[in-house]
Amino acid sequence: MSAGEKCSSCGSKTDGCAPDSCGVGVLPQNDVNDIKRVIAVMSGKGGVGKSAVTGRLAVGLARQGRRVGILDADITGPSIPKMFGLNARPTNSGQYLMPVKTAAGIAVMSLNLLLEREDQPVIWRGPVIAGAVKQFWTDVAWGRLDYLLVDMPPGTGDVPLTVMQSLPLDGVIVVTSPQDLANMVVQKAVNMVRQMEAPLLGVVENMSYLRCPDCGKEIRVFGPSHAGRLTADGVPLLAELPLDPELARLCDAGRLEDYREEPFVNLDALLSAQN
């Protein structure tokens, strides 16, 4: 943000927002929620598979017996409902909105579930979008959750700023892909997390390679990994995930929960190491 430019969150002229400088405090949980841990999944770059990583994290946690929810903060480009095959509209319970449950019991709230058509565009300005994200925290009856995963939109704008200022984050996972261009943009997200003093758990490199179905050889479709530049900056590399046509097929079919894999990130261990 340049000098004299107005902050889109608070409207004040500032040379840049620092933690808590906008007067936006962490929002308390409502009286029906008991959420133990909140993890944001973000990337400065679009198209790196951030939502798929969020969904796979949620499925892995659910298979371990954890109570999991996904807050889809990608208001203008939501894909979480499609991946899980969700099309039911959320219902009301008193003053709160009820999240829609997946087949495995993962609670999901996304603006796409509130639209008449899934291809209906959301043409809102930044502050309105940020307000919707806060309402997904304050006005949704998530109930008792071990983990709430926040699927962020690309970039370092209003929504990531709102999430880091308004939600009690226990950690942030940054998603990248092997290309040098992607890592350059993702570095902006890493720097934002640090500037906002949010706990950075590490980076996941998605689409790192394609495994040959015949010989098992790893083929670096997008070239060699450049994640080392992030790890050289002190960011832990949590996982290198393959480009898998089966995953793409299941996501398109709304059957992400049918994808069989071992959990690729141990969130319990990561959070224990942070404390």
# chains A, B, ... in the order shown; residues from 1 in each chain; ligands from 1
>>> residues_around(residues="segment 171-188 of chain A", least_positions_apart="5", cutoff="7 Å", atoms="only C-alpha atoms", output="list in words")
Val38, Ile39, Ala40, Val41, Met42, Ser43, Gly44, Lys45, Val48, Lys50, Ala198, Pro199, Leu200, Leu201, Gly202, Val203, Val204, Glu205, Asn206, Met207, Ser208, Phe222, Gly223, Pro224, Ser225, His226 and Ala227 of chain A
>>> write_last_selection(atoms="C-alpha atoms", output="PDB file, in the first residue's frame")
ATOM      1  CA  VAL A  38      -7.952 -22.702  13.137  1.00  0.00           C
ATOM      2  CA  ILE A  39      -5.578 -23.265  10.206  1.00  0.00           C
ATOM      3  CA  ALA A  40      -5.459 -21.023   7.123  1.00  0.00           C
ATOM      4  CA  VAL A  41      -4.323 -22.382   3.755  1.00  0.00           C
ATOM      5  CA  MET A  42      -3.146 -19.645   1.407  1.00  0.00           C
ATOM      6  CA  SER A  43      -1.030 -18.834  -1.617  1.00  0.00           C
ATOM      7  CA  GLY A  44      -0.070 -15.600  -3.259  1.00  0.00           C
ATOM      8  CA  LYS A  45      -0.558 -17.364  -6.605  1.00  0.00           C
ATOM      9  CA  VAL A  48      -1.487 -23.942  -7.530  1.00  0.00           C
ATOM     10  CA  LYS A  50      -4.663 -24.550  -2.827  1.00  0.00           C
ATOM     11  CA  ALA A 198       0.793 -15.129  12.165  1.00  0.00           C
ATOM     12  CA  PRO A 199       2.269 -18.576  12.897  1.00  0.00           C
ATOM     13  CA  LEU A 200       3.766 -19.923   9.658  1.00  0.00           C
ATOM     14  CA  LEU A 201       3.693 -23.723   9.713  1.00  0.00           C
ATOM     15  CA  GLY A 202       5.400 -24.267   6.369  1.00  0.00           C
ATOM     16  CA  VAL A 203       4.921 -24.668   2.642  1.00  0.00           C
ATOM     17  CA  VAL A 204       3.390 -27.458   0.557  1.00  0.00           C
ATOM     18  CA  GLU A 205       4.639 -27.788  -3.010  1.00  0.00           C
ATOM     19  CA  ASN A 206       1.766 -29.085  -5.119  1.00  0.00           C
ATOM     20  CA  MET A 207       2.046 -30.646  -8.601  1.00  0.00           C
ATOM     21  CA  SER A 208       5.725 -31.331  -7.945  1.00  0.00           C
ATOM     22  CA  PHE A 222       6.850 -28.160 -14.569  1.00  0.00           C
ATOM     23  CA  GLY A 223      10.610 -28.374 -14.283  1.00  0.00           C
ATOM     24  CA  PRO A 224      12.773 -28.693 -11.191  1.00  0.00           C
ATOM     25  CA  SER A 225      11.463 -27.586  -7.838  1.00  0.00           C
ATOM     26  CA  HIS A 226      12.181 -24.037  -6.723  1.00  0.00           C
ATOM     27  CA  ALA A 227      10.769 -24.556  -3.222  1.00  0.00           C
TER      28      ALA A 227
END
>>> select_by_dssp(residues="segment 89-256 of chain A", states="helix (DSSP H, G or I)", output="PyMOL selection string")
chain A and resi 111-114+126-138+158-166+180-195+228-232+245-252+256
>>> closest_residue(among="A:Val59, A:Val150, A:Met109, A:Leu230", to="Asp258 of chain A", atoms="only C-alpha atoms")
A:Val59
>>> atom_distance(atom1="atom CA of Thr138 of chain A", atom2="atom CA of Ile123 of chain A")
22.6 Å
>>> select_by_dssp(residues="segment 118-266 of chain A", states="strand (DSSP E or B)", output="number ranges by chain")
A: 140, 144-151, 171-176, 200-205, 210-211, 218-219, 237-240
>>> closest_residue(among="A:Val26, A:Ala62, A:Ala253, A:Leu97", to="Gly143 of chain A", atoms="only C-alpha atoms")
A:Leu97
